[in-house]
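Notes follow the structure.
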Amino acid sequence: MAACCDSLLPLILLLCLSAQAVDRSNFKTCDQSAFCKEIPYFYRSLELIYVLDTLELSDSRLTLQLINDNNKVRLLLELYRLQGNMTRVKINELKPLKPRYEVPDVLISDPITEALSVVAQDENSLVLSLGGKDQRLIVSAQPFRLDIVEGPQVLMSLNSRGLLAFEHLRARKDTKSESEQATGQENVEQQTNEDGQIKEEEDKPGMWEETFKSHTDSKPNGPSSISLDFSLPGVEHVYGIPEHADTLKLKNTDGSDPYRLYNLDVFQYELHNPMALYGAVPVLISHSNDRTMGIFWLNAAETWVDISSNTAGKVRVIPQTDVRWISESGLIDVFIMLGPKPADVFTQYASLTGTQSFPPLSALAYHQCRWNYNDQEDVKTVDQGFDEHDIPYDFIWLDIEHADGKRYFTWDPSNFPQPKEMLQGLMDKRRKLVAIVDPHIRVDSGYKIHNEIRSKNFYVKNKDGGDYEGWCWPGNSGYPDFTNPEMRAWWASQFAYDQYEGSMENQYIWNDMNEPSVFNGPEVTMHKDALHGVWEHRDVHNLYGLYVQKATADGLILRSGGVQRPFVLTRAFFAGSQRYGAVWTGDNAAEWGHLKVSIPMCLSLGLVGISFCGADVGGFFKHPSAELLVRWYQAGAYQPFFRAHAHIDTPRREPWLFGPENTALIREAIRQRYALLPYWYQLFYNTHRTGQPVMRPLWVEYPDDVATFSIEDEYLIGKDLLVHPVTDEGATGVTAYLPGKGEVMCFSTLNGTIPVFQRGGSIICRKDRVRRSSSCMENDPYTLYVALSSQGSAEGELYIDDFHTFSFEEAKQFVHRHLSFSANTLSSRNLAPDSQFSTASWIEKIVIIGGSQPSSVTLKNADGTESALEFEFDSTLAVLTLRKPGVNAAADWTVVLR
Amino acid sequence: MTCVHLLLTLVFAVSLGTPVEIQGPRGVPLTSIQFYVENKPFTCLDGSRTIPFDRVNDDYCDCKDGSDEPGTAACPNGSFHCTNAGYRTMFIPSSRINDGICDCCDTTDEYNSGAKCENTCKELGRKEREVLQKMTEITKEGFLLKQHLIEEAKKGHQEKQIKVTDMQENKKQLDEKVEVLRTVKETAEQPEKEAKERHLKAWEEQKAAIRLEKDKAKMAEAFLELDDNADGFVSVSELQSHAELDADADGTLTETEAQGLMGGAEQVDMSTFESVWPNIKDKYHSEVSREEEPAPVETPPDEVKEPVVDNDSEPYPEDDISEEEDEDDEDEDDYHEDDDKVYHTENLSKNIEKELSFDFGPDAEFTYLYSQCYELTTGEYIYRLCPFNRVSQKPKYGGSETNLGTWGSWSGPENNKYLLMKYEHGTGCWQGPNRSTTVKLTCGKETVVTSTSEPSRCEYLMEFTTPAVCQEPANTDLSPHDHVEL
């Protein structure tokens, strides 16, 4: 890592690229970040030992002190065994000069601990039982390391490479003489007196001040970084740590920059490099044939993740992947999720940070966005355009130009003089609107929102204590301190209908620029020495965007009196953001490469809890060719968040502007999405309940099939649909890998132009009557697609509720059915007997694929009545179609083929 | 035409026979009702299969073409017919049946969705008839105006063509004259350059000779001009056409006065004219110089500005002649005057030729827009459309003008390209394309820009009404003097 480019070639390449794409010089490399550059070498030789006589063991918590042998600073190690096969490792200074930041509000609750017991102990080590299956945690001293083993097998080692680093907080030397006279220093003195003097290290450049381009970081607390290494024997494949425009399988970063996690507004980002993007989820997933595990590094400061693999370029060695995390401040707080199956890791992570919020059904439908729909008339015309071309859509979006001078919560008086009229017009068509509300607030004494934030003292402060101001869309802007719960509560209250003038219940919100983006700030973001109460921005940076979305989602819930489910889209995110809405992959470009990378980008997010992900269909920057646009619609229709968006400088690209043939293709792609909405909805209910991702890499469902481990051009939706979008220009076909032993993947009867396959053995419910919005389809009947396995069986689920309120959760008002086919009998069974909901939907048709022709088909109702069903059998395709069972979708019933 | 008839009969039928229920399944238009016979097997309209009649509109799609479910949403490709008594009948996609949204004004599409629809057909019909009537009137009047425009254009076109020919002729003559003068002038300048004082006298003589020469040339020209019938003689009546020669300044040159000027002769030939010339030369106005005066008949004065400004006129060719002494002024002026004449004639004919080269529509009905400009003021900007020239935008409260495109081409649909104008290659946009404007033409009595918008960044859309696109009204009773003849 951190290899310097000493040849000219990369430099020239970089210059060439910079004209077209991201200006890399705006963003730091590891070398330009003092803690990233210095730490690895500075601390490498240090040894940490633990002091056994400091061991304290309660039921669920073990503490030990570690001593940095070099400078005698003491650290406190805490170990927890958590419910659900997890271990938590926490390291802080025993007595820090001042408190170090511990990330709040990300864990949904204090994780439930389980008893730890000492199995063995000697002078140099301690063996703890982690329960179940011979799992042990071995704590070794001199050098300090932790090993998690199962039987004879080491699953994971911590600090096995000795890269644990902990820059203790210290007083600045030039101010020391003053502080020594005060009593402030005595704590430190006392702490060190027992074991000898703290060895003061030489000041290094960058310890107390750091300059990047024209920006100076005052670093009043001095160096504070932390680092820890993890070794994963037997592991070749690691995933996660989004957001990067890179491959699904993480690359070896030896010889390049590490993956960076630091929420940044990157203008025209580049593909296939480890640069930081808009969001950060510090969760890494490892996978091998034997086991799937996860590492959750709970730290919101700037973080770098270095990955090295011993198999890179080699054959026939026992594979091992080493991962090192480095963060600029805070403390070490790691959750080790021990799997063993992919589903277990998702469950474990969900138990810590929560699951995906369950969106209203319409949010899963198609969204039409553009920077900008110019005025009410424009909105109306586009809305009519969809009807004229018979293309369904649910949401039209308004970007920053809709507000009066970029004063969010307001409307441009000349272009949007009657927002309610516009919203009512959409409501009459059972459609909705999203308006943008960004977190930068125009500094303008005539702007109510600004005045209130200022008077309530809710703005982030600069290092000198004044309101922090930066440049963004409106010009000079303030940034509300979203880390402050009072501020968030106030923000949420601003979405009330009587506060947000012109808003209505069919208006939802989009939070952009919440990294936060500061045009004139270092790396286009906030100064690290800005202050959020007592904490520096440095400590909370990656968390800011999560708070913005949380406060906004809270506002939408609040305005409806807690009845309606919110829908909020965010660009910046952190671990836990899944609880508040959807994310998208930011400002991509109309290029084939960007279409391609949208798949691994969303897959990576899904692996770490954020299922509601999408990329701008068509590409944000630049103008897509008709072919690219069509292919993007076809791909986007099969990604969780399905929204077309375009930069203000690009020509219009509503679906009907590319000739009738392309219009027809786009219409078909969007219709496929609508027909499959019942499946998407059921999957989102499932992920809300269990944390299992909606969009899944193949290896999640086929963990033993090594061939799937690196596949990122096809994926699964749930476990039953396999999609291989066409992402190459001029392609007329794709070669899809169909995994699974003995499982027949049926070619989907659904579609010819988009390569989508239904898994043999599955039942998928669709609504084939596509209407102009999802709301219009609420009471429509279902068609069941039963794809038989080679054993002649299949199963699936059906979930129905009111599609937009919390009643499903609060009043158990929903229908959840299990559908199964075996021994020529298809039946629908209630999965939630204690729930109740009545639906008008019924079963219109049943299509059974891969069976044989019956002589008769009988429907048996719950009340014992029977009736014969008419059917058709297509012998060339082996498709049996049962005509109009007509039973209510919530009822118990059985269909028998004879 | 069939459509119109059909529409009329339907409306008629309904308004006459209010209680008459149209029999047949829901959603079937009258024209297809014969295919749906109660209690008889139904054959899909594509002939693909036959089903029992109770499966028509039973909310299950049996026919591939959707024809068995005209009144339900069961078939993805079906369509539903609403009668909309009092308004227009309509087909809607069957996906809009019972979707909770009122599509048919007679509410028939929402019979089972709980949507509360009101029958608005009468109101819609009334409004539509009003609009239609208004449109008809506009079209009628617009079409009349258009005929007028076509005539004007025809006339103007002929005149211009003649003018071009004339001017080419004049120019030829002038060129020759200028050549003569130039030679003279060059010769004249020669001695001056050598030694002004020494040759002063000779110069004076020479100048006199030049004047004489020039006078002769002018005289010859005047003779030719006066000799309207080109018979080699200037007659009294021919001379009378030059009222400026009037001796008593009463505004008319009487026959007697003319004869007096001609020394009492009825007519004079070229050589005799020499003696007449001194009597008239001071007052005589050449017809050529008269033509140079502004206000050509075809274009009102305020319109002349535009083309001149926009024609990239070269700077006045001052450099061509070196500075000369005071005495030369007169001579110099003569030369310049003629040279100027050539220049202006050239320019004018170039303009006219350019104008003649535009596609002003099949009947030249757009000619009148040429060298006109039309403005629209919006909240922020003043938009200016100069047809066949350019579109521009200027901030209302100061700031420089932005070019939104210069004339490109007609770009309407194939069947009528004259419905859209395209202006291209305007000022470039940051990171974007060059600005361009599409002008959408609709029929109107007046020629006005009615709206502008920027649907896509730097791509402007302007709506423009003009009588020139008004189509002949379909109904014959509308314009008496045109249509009575038909």
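Residues in the structure tokens are named by chain (A, B, ... in the order shown) and by number from 1 within that chain; ligands are numbered from 1 in the order shown.
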Enumerate, in order of chain and increasing residue number, the residues of chain A with an atom no farther than 7 Å from chain B, each with its shortest atom pair and distance in Å to one decimal, counting only C-alpha atoms, as a Markdown table.
| residue | atom | partner | partner_atom | distance |
| --- | --- | --- | --- | --- |
| A:Asp428 | CA | B:Ile101 | CA | 6.8 |
| A:Lys429 | CA | B:Ile101 | CA | 6.2 |
| A:Ile648 | CA | B:Arg457 | CA | 6.0 |
| A:Asp649 | CA | B:Arg457 | CA | 5.0 |
| A:Thr650 | CA | B:Arg457 | CA | 6.5 |
| A:Pro651 | CA | B:Ser456 | CA | 5.3 |
| A:Arg652 | CA | B:Ser456 | CA | 5.3 |
| A:Arg769 | CA | B:Pro76 | CA | 6.0 |
| A:Val770 | CA | B:Ser95 | CA | 6.7 |
| A:Arg771 | CA | B:Ser95 | CA | 5.2 |
| A:Cys776 | CA | B:Asp99 | CA | 4.9 |
| A:Lys884 | CA | B:Tyr60 | CA | 6.8 |
Could you write out the selected residues, including N, CA, C and O atoms, as a PDB file, in the first residue's frame?
ATOM      1  N   ASP A 428     -54.576  12.835  -7.933  1.00  0.00           N
ATOM      2  CA  ASP A 428     -55.731  12.398  -8.718  1.00  0.00           C
ATOM      3  C   ASP A 428     -55.371  11.227  -9.624  1.00  0.00           C
ATOM      4  O   ASP A 428     -56.221  10.441 -10.003  1.00  0.00           O
ATOM      5  N   LYS A 429     -54.099  11.146  -9.979  1.00  0.00           N
ATOM      6  CA  LYS A 429     -53.645  10.019 -10.805  1.00  0.00           C
ATOM      7  C   LYS A 429     -53.043   8.923  -9.922  1.00  0.00           C
ATOM      8  O   LYS A 429     -52.375   8.025 -10.422  1.00  0.00           O
ATOM      9  N   ILE A 648     -28.627  18.534 -15.286  1.00  0.00           N
ATOM     10  CA  ILE A 648     -29.367  19.657 -15.880  1.00  0.00           C
ATOM     11  C   ILE A 648     -28.850  20.009 -17.279  1.00  0.00           C
ATOM     12  O   ILE A 648     -29.595  20.505 -18.118  1.00  0.00           O
ATOM     13  N   ASP A 649     -27.573  19.736 -17.543  1.00  0.00           N
ATOM     14  CA  ASP A 649     -26.999  20.105 -18.840  1.00  0.00           C
ATOM     15  C   ASP A 649     -27.209  19.060 -19.926  1.00  0.00           C
ATOM     16  O   ASP A 649     -26.736  19.214 -21.044  1.00  0.00           O
ATOM     17  N   THR A 650     -27.874  17.979 -19.595  1.00  0.00           N
ATOM     18  CA  THR A 650     -28.069  16.933 -20.606  1.00  0.00           C
ATOM     19  C   THR A 650     -29.413  17.141 -21.305  1.00  0.00           C
ATOM     20  O   THR A 650     -30.332  17.695 -20.728  1.00  0.00           O
ATOM     21  N   PRO A 651     -29.502  16.686 -22.538  1.00  0.00           N
ATOM     22  CA  PRO A 651     -30.790  16.772 -23.240  1.00  0.00           C
ATOM     23  C   PRO A 651     -31.858  15.935 -22.526  1.00  0.00           C
ATOM     24  O   PRO A 651     -31.529  14.993 -21.803  1.00  0.00           O
ATOM     25  N   ARG A 652     -33.084  16.286 -22.743  1.00  0.00           N
ATOM     26  CA  ARG A 652     -34.190  15.562 -22.111  1.00  0.00           C
ATOM     27  C   ARG A 652     -34.140  14.096 -22.526  1.00  0.00           C
ATOM     28  O   ARG A 652     -33.732  13.756 -23.627  1.00  0.00           O
ATOM     29  N   ARG A 769     -51.605  -7.516 -14.436  1.00  0.00           N
ATOM     30  CA  ARG A 769     -52.395  -6.380 -14.939  1.00  0.00           C
ATOM     31  C   ARG A 769     -51.665  -5.100 -14.543  1.00  0.00           C
ATOM     32  O   ARG A 769     -51.858  -4.555 -13.470  1.00  0.00           O
ATOM     33  N   VAL A 770     -50.806  -4.663 -15.414  1.00  0.00           N
ATOM     34  CA  VAL A 770     -50.001  -3.475 -15.101  1.00  0.00           C
ATOM     35  C   VAL A 770     -50.816  -2.218 -15.366  1.00  0.00           C
ATOM     36  O   VAL A 770     -51.411  -2.065 -16.436  1.00  0.00           O
ATOM     37  N   ARG A 771     -50.832  -1.356 -14.378  1.00  0.00           N
ATOM     38  CA  ARG A 771     -51.608  -0.122 -14.528  1.00  0.00           C
ATOM     39  C   ARG A 771     -50.679   1.072 -14.436  1.00  0.00           C
ATOM     40  O   ARG A 771     -49.481   0.934 -14.391  1.00  0.00           O
ATOM     41  N   CYS A 776     -52.737   1.960  -8.227  1.00  0.00           N
ATOM     42  CA  CYS A 776     -53.881   1.520  -9.008  1.00  0.00           C
ATOM     43  C   CYS A 776     -54.005  -0.001  -9.038  1.00  0.00           C
ATOM     44  O   CYS A 776     -55.027  -0.536  -9.426  1.00  0.00           O
ATOM     45  N   LYS A 884     -58.433 -19.297 -13.893  1.00  0.00           N
ATOM     46  CA  LYS A 884     -59.286 -18.591 -12.946  1.00  0.00           C
ATOM     47  C   LYS A 884     -59.696 -19.380 -11.704  1.00  0.00           C
ATOM     48  O   LYS A 884     -60.886 -19.672 -11.514  1.00  0.00           O
TER      49      LYS A 884
END
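Every protein, DNA or RNA residue with an atom at most 8 Å from Glu446 in chain B, where only C-alpha atoms count and chain neighbours fewer than 6 positions away do not, is listed here: B:Thr465, B:Thr466, B:Pro467.
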Residue contacts of range 25-35 of chain A (10 Å, only C-alpha atoms) excluding same-chain residues fewer than 2 positions away, as JSON, numbers by chain: {"A": [1, 2, 3, 4, 14, 15, 18, 22, 23, 37, 38, 39, 40, 42, 167, 204, 205, 206, 207, 209, 210, 211, 212, 213, 223, 224, 225, 226, 227, 256, 257, 258, 259, 260, 264, 266, 267, 274, 275, 276, 302, 303, 304, 326, 327, 328, 329, 522, 523, 524]}
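Between Lys341 in chain A and the residues A:Val283, A:Ile108, A:Ile449, A:Val700, the shortest atom-to-atom distance, using only C-alpha atoms, involves A:Val700.
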Please list as a PDB file with all heavy atoms, in the first residue's frame every residue within 10 Å of Gln376 in chain A, counting only C-alpha atoms and excluding residues in the same chain fewer than 3 positions away.
ATOM      1  N   TYR A 373     -37.166  19.267 -13.320  1.00  0.00           N
ATOM      2  CA  TYR A 373     -38.415  19.576 -13.991  1.00  0.00           C
ATOM      3  C   TYR A 373     -38.711  21.033 -13.684  1.00  0.00           C
ATOM      4  O   TYR A 373     -38.754  21.445 -12.541  1.00  0.00           O
ATOM      5  CB  TYR A 373     -39.509  18.587 -13.587  1.00  0.00           C
ATOM      6  CG  TYR A 373     -39.251  17.269 -14.279  1.00  0.00           C
ATOM      7  CD1 TYR A 373     -39.005  16.100 -13.593  1.00  0.00           C
ATOM      8  CD2 TYR A 373     -39.137  17.236 -15.677  1.00  0.00           C
ATOM      9  CE1 TYR A 373     -38.690  14.925 -14.272  1.00  0.00           C
ATOM     10  CE2 TYR A 373     -38.833  16.077 -16.350  1.00  0.00           C
ATOM     11  CZ  TYR A 373     -38.601  14.924 -15.650  1.00  0.00           C
ATOM     12  OH  TYR A 373     -38.276  13.777 -16.324  1.00  0.00           O
ATOM     13  N   VAL A 379     -44.034  19.470 -15.034  1.00  0.00           N
ATOM     14  CA  VAL A 379     -44.422  18.282 -14.263  1.00  0.00           C
ATOM     15  C   VAL A 379     -45.692  17.675 -14.859  1.00  0.00           C
ATOM     16  O   VAL A 379     -45.785  16.464 -15.066  1.00  0.00           O
ATOM     17  CB  VAL A 379     -44.641  18.645 -12.774  1.00  0.00           C
ATOM     18  CG1 VAL A 379     -45.303  17.495 -12.021  1.00  0.00           C
ATOM     19  CG2 VAL A 379     -43.311  19.017 -12.128  1.00  0.00           C
ATOM     20  N   LYS A 380     -46.623  18.537 -15.170  1.00  0.00           N
ATOM     21  CA  LYS A 380     -47.893  18.079 -15.723  1.00  0.00           C
ATOM     22  C   LYS A 380     -47.683  17.418 -17.086  1.00  0.00           C
ATOM     23  O   LYS A 380     -48.245  16.364 -17.384  1.00  0.00           O
ATOM     24  CB  LYS A 380     -48.815  19.290 -15.874  1.00  0.00           C
ATOM     25  CG  LYS A 380     -50.275  18.950 -15.912  1.00  0.00           C
ATOM     26  CD  LYS A 380     -51.078  20.234 -15.877  1.00  0.00           C
ATOM     27  CE  LYS A 380     -52.537  19.986 -16.162  1.00  0.00           C
ATOM     28  NZ  LYS A 380     -53.298  21.242 -16.181  1.00  0.00           N
ATOM     29  N   THR A 381     -46.859  18.049 -17.900  1.00  0.00           N
ATOM     30  CA  THR A 381     -46.624  17.519 -19.238  1.00  0.00           C
ATOM     31  C   THR A 381     -45.955  16.152 -19.178  1.00  0.00           C
ATOM     32  O   THR A 381     -46.317  15.230 -19.911  1.00  0.00           O
ATOM     33  CB  THR A 381     -45.738  18.484 -20.039  1.00  0.00           C
ATOM     34  OG1 THR A 381     -46.305  19.787 -19.951  1.00  0.00           O
ATOM     35  CG2 THR A 381     -45.640  18.077 -21.482  1.00  0.00           C
ATOM     36  N   VAL A 382     -44.961  16.023 -18.301  1.00  0.00           N
ATOM     37  CA  VAL A 382     -44.274  14.738 -18.180  1.00  0.00           C
ATOM     38  C   VAL A 382     -45.244  13.684 -17.647  1.00  0.00           C
ATOM     39  O   VAL A 382     -45.301  12.557 -18.144  1.00  0.00           O
ATOM     40  CB  VAL A 382     -43.028  14.867 -17.277  1.00  0.00           C
ATOM     41  CG1 VAL A 382     -42.419  13.506 -16.992  1.00  0.00           C
ATOM     42  CG2 VAL A 382     -41.989  15.775 -17.932  1.00  0.00           C
ATOM     43  N   HIS A 402     -36.415  23.605  -7.660  1.00  0.00           N
ATOM     44  CA  HIS A 402     -37.828  23.826  -7.318  1.00  0.00           C
ATOM     45  C   HIS A 402     -37.976  24.799  -6.153  1.00  0.00           C
ATOM     46  O   HIS A 402     -39.014  25.429  -5.991  1.00  0.00           O
ATOM     47  CB  HIS A 402     -38.509  22.501  -6.954  1.00  0.00           C
ATOM     48  CG  HIS A 402     -38.347  22.126  -5.512  1.00  0.00           C
ATOM     49  ND1 HIS A 402     -37.228  21.494  -5.027  1.00  0.00           N
ATOM     50  CD2 HIS A 402     -39.148  22.350  -4.430  1.00  0.00           C
ATOM     51  CE1 HIS A 402     -37.363  21.314  -3.722  1.00  0.00           C
ATOM     52  NE2 HIS A 402     -38.500  21.819  -3.332  1.00  0.00           N
ATOM     53  N   SER A 414     -42.203  31.679  -9.012  1.00  0.00           N
ATOM     54  CA  SER A 414     -42.657  31.837 -10.392  1.00  0.00           C
ATOM     55  C   SER A 414     -42.842  30.499 -11.094  1.00  0.00           C
ATOM     56  O   SER A 414     -43.718  30.365 -11.942  1.00  0.00           O
ATOM     57  CB  SER A 414     -41.718  32.750 -11.184  1.00  0.00           C
ATOM     58  OG  SER A 414     -40.452  32.169 -11.252  1.00  0.00           O
ATOM     59  N   ASN A 415     -42.043  29.500 -10.743  1.00  0.00           N
ATOM     60  CA  ASN A 415     -42.178  28.208 -11.430  1.00  0.00           C
ATOM     61  C   ASN A 415     -43.087  27.218 -10.713  1.00  0.00           C
ATOM     62  O   ASN A 415     -43.643  26.321 -11.330  1.00  0.00           O
ATOM     63  CB  ASN A 415     -40.803  27.579 -11.627  1.00  0.00           C
ATOM     64  CG  ASN A 415     -39.961  28.379 -12.587  1.00  0.00           C
ATOM     65  OD1 ASN A 415     -40.485  28.955 -13.535  1.00  0.00           O
ATOM     66  ND2 ASN A 415     -38.672  28.438 -12.335  1.00  0.00           N
ATOM     67  N   PHE A 416     -43.172  27.360  -9.393  1.00  0.00           N
ATOM     68  CA  PHE A 416     -44.036  26.457  -8.619  1.00  0.00           C
ATOM     69  C   PHE A 416     -44.935  27.272  -7.692  1.00  0.00           C
ATOM     70  O   PHE A 416     -44.874  27.146  -6.479  1.00  0.00           O
ATOM     71  CB  PHE A 416     -43.187  25.448  -7.838  1.00  0.00           C
ATOM     72  CG  PHE A 416     -42.414  24.518  -8.727  1.00  0.00           C
ATOM     73  CD1 PHE A 416     -41.121  24.830  -9.133  1.00  0.00           C
ATOM     74  CD2 PHE A 416     -42.986  23.346  -9.193  1.00  0.00           C
ATOM     75  CE1 PHE A 416     -40.413  23.990  -9.984  1.00  0.00           C
ATOM     76  CE2 PHE A 416     -42.283  22.501 -10.043  1.00  0.00           C
ATOM     77  CZ  PHE A 416     -41.004  22.814 -10.445  1.00  0.00           C
ATOM     78  N   PRO A 417     -45.770  28.106  -8.300  1.00  0.00           N
ATOM     79  CA  PRO A 417     -46.583  28.996  -7.465  1.00  0.00           C
ATOM     80  C   PRO A 417     -47.689  28.258  -6.707  1.00  0.00           C
ATOM     81  O   PRO A 417     -48.134  28.730  -5.678  1.00  0.00           O
ATOM     82  CB  PRO A 417     -47.182  29.981  -8.479  1.00  0.00           C
ATOM     83  CG  PRO A 417     -47.164  29.256  -9.776  1.00  0.00           C
ATOM     84  CD  PRO A 417     -45.986  28.335  -9.740  1.00  0.00           C
ATOM     85  N   GLN A 418     -48.124  27.118  -7.239  1.00  0.00           N
ATOM     86  CA  GLN A 418     -49.240  26.389  -6.622  1.00  0.00           C
ATOM     87  C   GLN A 418     -48.861  24.936  -6.382  1.00  0.00           C
ATOM     88  O   GLN A 418     -49.399  24.027  -7.015  1.00  0.00           O
ATOM     89  CB  GLN A 418     -50.480  26.436  -7.529  1.00  0.00           C
ATOM     90  CG  GLN A 418     -50.967  27.822  -7.891  1.00  0.00           C
ATOM     91  CD  GLN A 418     -51.543  28.556  -6.690  1.00  0.00           C
ATOM     92  OE1 GLN A 418     -51.901  27.929  -5.690  1.00  0.00           O
ATOM     93  NE2 GLN A 418     -51.605  29.870  -6.760  1.00  0.00           N
ATOM     94  N   PRO A 419     -47.935  24.685  -5.458  1.00  0.00           N
ATOM     95  CA  PRO A 419     -47.475  23.302  -5.284  1.00  0.00           C
ATOM     96  C   PRO A 419     -48.591  22.336  -4.919  1.00  0.00           C
ATOM     97  O   PRO A 419     -48.582  21.189  -5.354  1.00  0.00           O
ATOM     98  CB  PRO A 419     -46.443  23.399  -4.160  1.00  0.00           C
ATOM     99  CG  PRO A 419     -46.653  24.729  -3.513  1.00  0.00           C
ATOM    100  CD  PRO A 419     -47.234  25.626  -4.551  1.00  0.00           C
ATOM    101  N   GLU A 421     -51.669  22.450  -5.834  1.00  0.00           N
ATOM    102  CA  GLU A 421     -52.419  22.144  -7.054  1.00  0.00           C
ATOM    103  C   GLU A 421     -51.691  21.055  -7.837  1.00  0.00           C
ATOM    104  O   GLU A 421     -52.282  20.103  -8.326  1.00  0.00           O
ATOM    105  CB  GLU A 421     -52.493  23.424  -7.880  1.00  0.00           C
ATOM    106  CG  GLU A 421     -53.600  23.480  -8.880  1.00  0.00           C
ATOM    107  CD  GLU A 421     -53.599  24.845  -9.550  1.00  0.00           C
ATOM    108  OE1 GLU A 421     -54.180  25.788  -8.972  1.00  0.00           O
ATOM    109  OE2 GLU A 421     -52.986  24.960 -10.624  1.00  0.00           O
ATOM    110  N   MET A 422     -50.376  21.211  -7.916  1.00  0.00           N
ATOM    111  CA  MET A 422     -49.564  20.226  -8.630  1.00  0.00           C
ATOM    112  C   MET A 422     -49.644  18.867  -7.931  1.00  0.00           C
ATOM    113  O   MET A 422     -49.848  17.829  -8.578  1.00  0.00           O
ATOM    114  CB  MET A 422     -48.124  20.724  -8.667  1.00  0.00           C
ATOM    115  CG  MET A 422     -47.118  19.719  -9.186  1.00  0.00           C
ATOM    116  SD  MET A 422     -45.457  20.417  -9.219  1.00  0.00           S
ATOM    117  CE  MET A 422     -45.124  20.633  -7.493  1.00  0.00           C
ATOM    118  N   LEU A 423     -49.498  18.875  -6.615  1.00  0.00           N
ATOM    119  CA  LEU A 423     -49.536  17.616  -5.864  1.00  0.00           C
ATOM    120  C   LEU A 423     -50.921  16.973  -5.959  1.00  0.00           C
ATOM    121  O   LEU A 423     -51.041  15.749  -6.070  1.00  0.00           O
ATOM    122  CB  LEU A 423     -49.161  17.870  -4.402  1.00  0.00           C
ATOM    123  CG  LEU A 423     -47.673  18.127  -4.176  1.00  0.00           C
ATOM    124  CD1 LEU A 423     -47.426  18.833  -2.843  1.00  0.00           C
ATOM    125  CD2 LEU A 423     -46.880  16.832  -4.234  1.00  0.00           C
TER     126      LEU A 423
END
Which of range 62-287 of chain B DSSP labels strand (DSSP E), written as a PyMOL selection string: chain B and resi 79-82+90-93+233-235+267-269
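The spacing separating CA of Leu546 in chain A from CA of Asp512 in chain A amounts to 11.5 Å.
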Non-local contacts of Thr687 in chain A (12 Å; only C-alpha atoms; under 5 positions in same chain excluded) as a PyMOL selection string: chain A and resi 343+346-347+350+354-359+578-579+606-612+640+680-682+692-696+717-718
Spatial neighbours of Lys154 in chain B, max dist 12 Å, only C-alpha atoms, sep filter under 3 positions, as a VMD selection string: chain B and resid 147 to 151 157 to 161 298 356 360 to 368
Atom pair CA of Tyr383 in chain B / CA of Glu355 in chain B: separation (Å): 23.7 Å
Close residues, His594 in chain A itself excluded, 12 Å, only C-alpha atoms, min 3 positions apart in chain, as a ChimeraX atom specification: /A:245-247,268-272,585-591,597-601,615-622,624,628-629,631-632,635,727-728
Pick from B:Ser371, B:Thr377, B:Thr438, B:Asn84, whichever lies nearest to Lys354 in chain B using only C-alpha atoms: B:Ser371
Range 249-434 of chain A: residues DSSP assigns to helix (DSSP H, G or I), reported as a PyMOL selection string: chain A and resi 342-353+361-364+376-388+400-402+419-428
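Between CA of Val449 in chain B and CA of Ser400 in chain B there is a distance of 21.1 Å.
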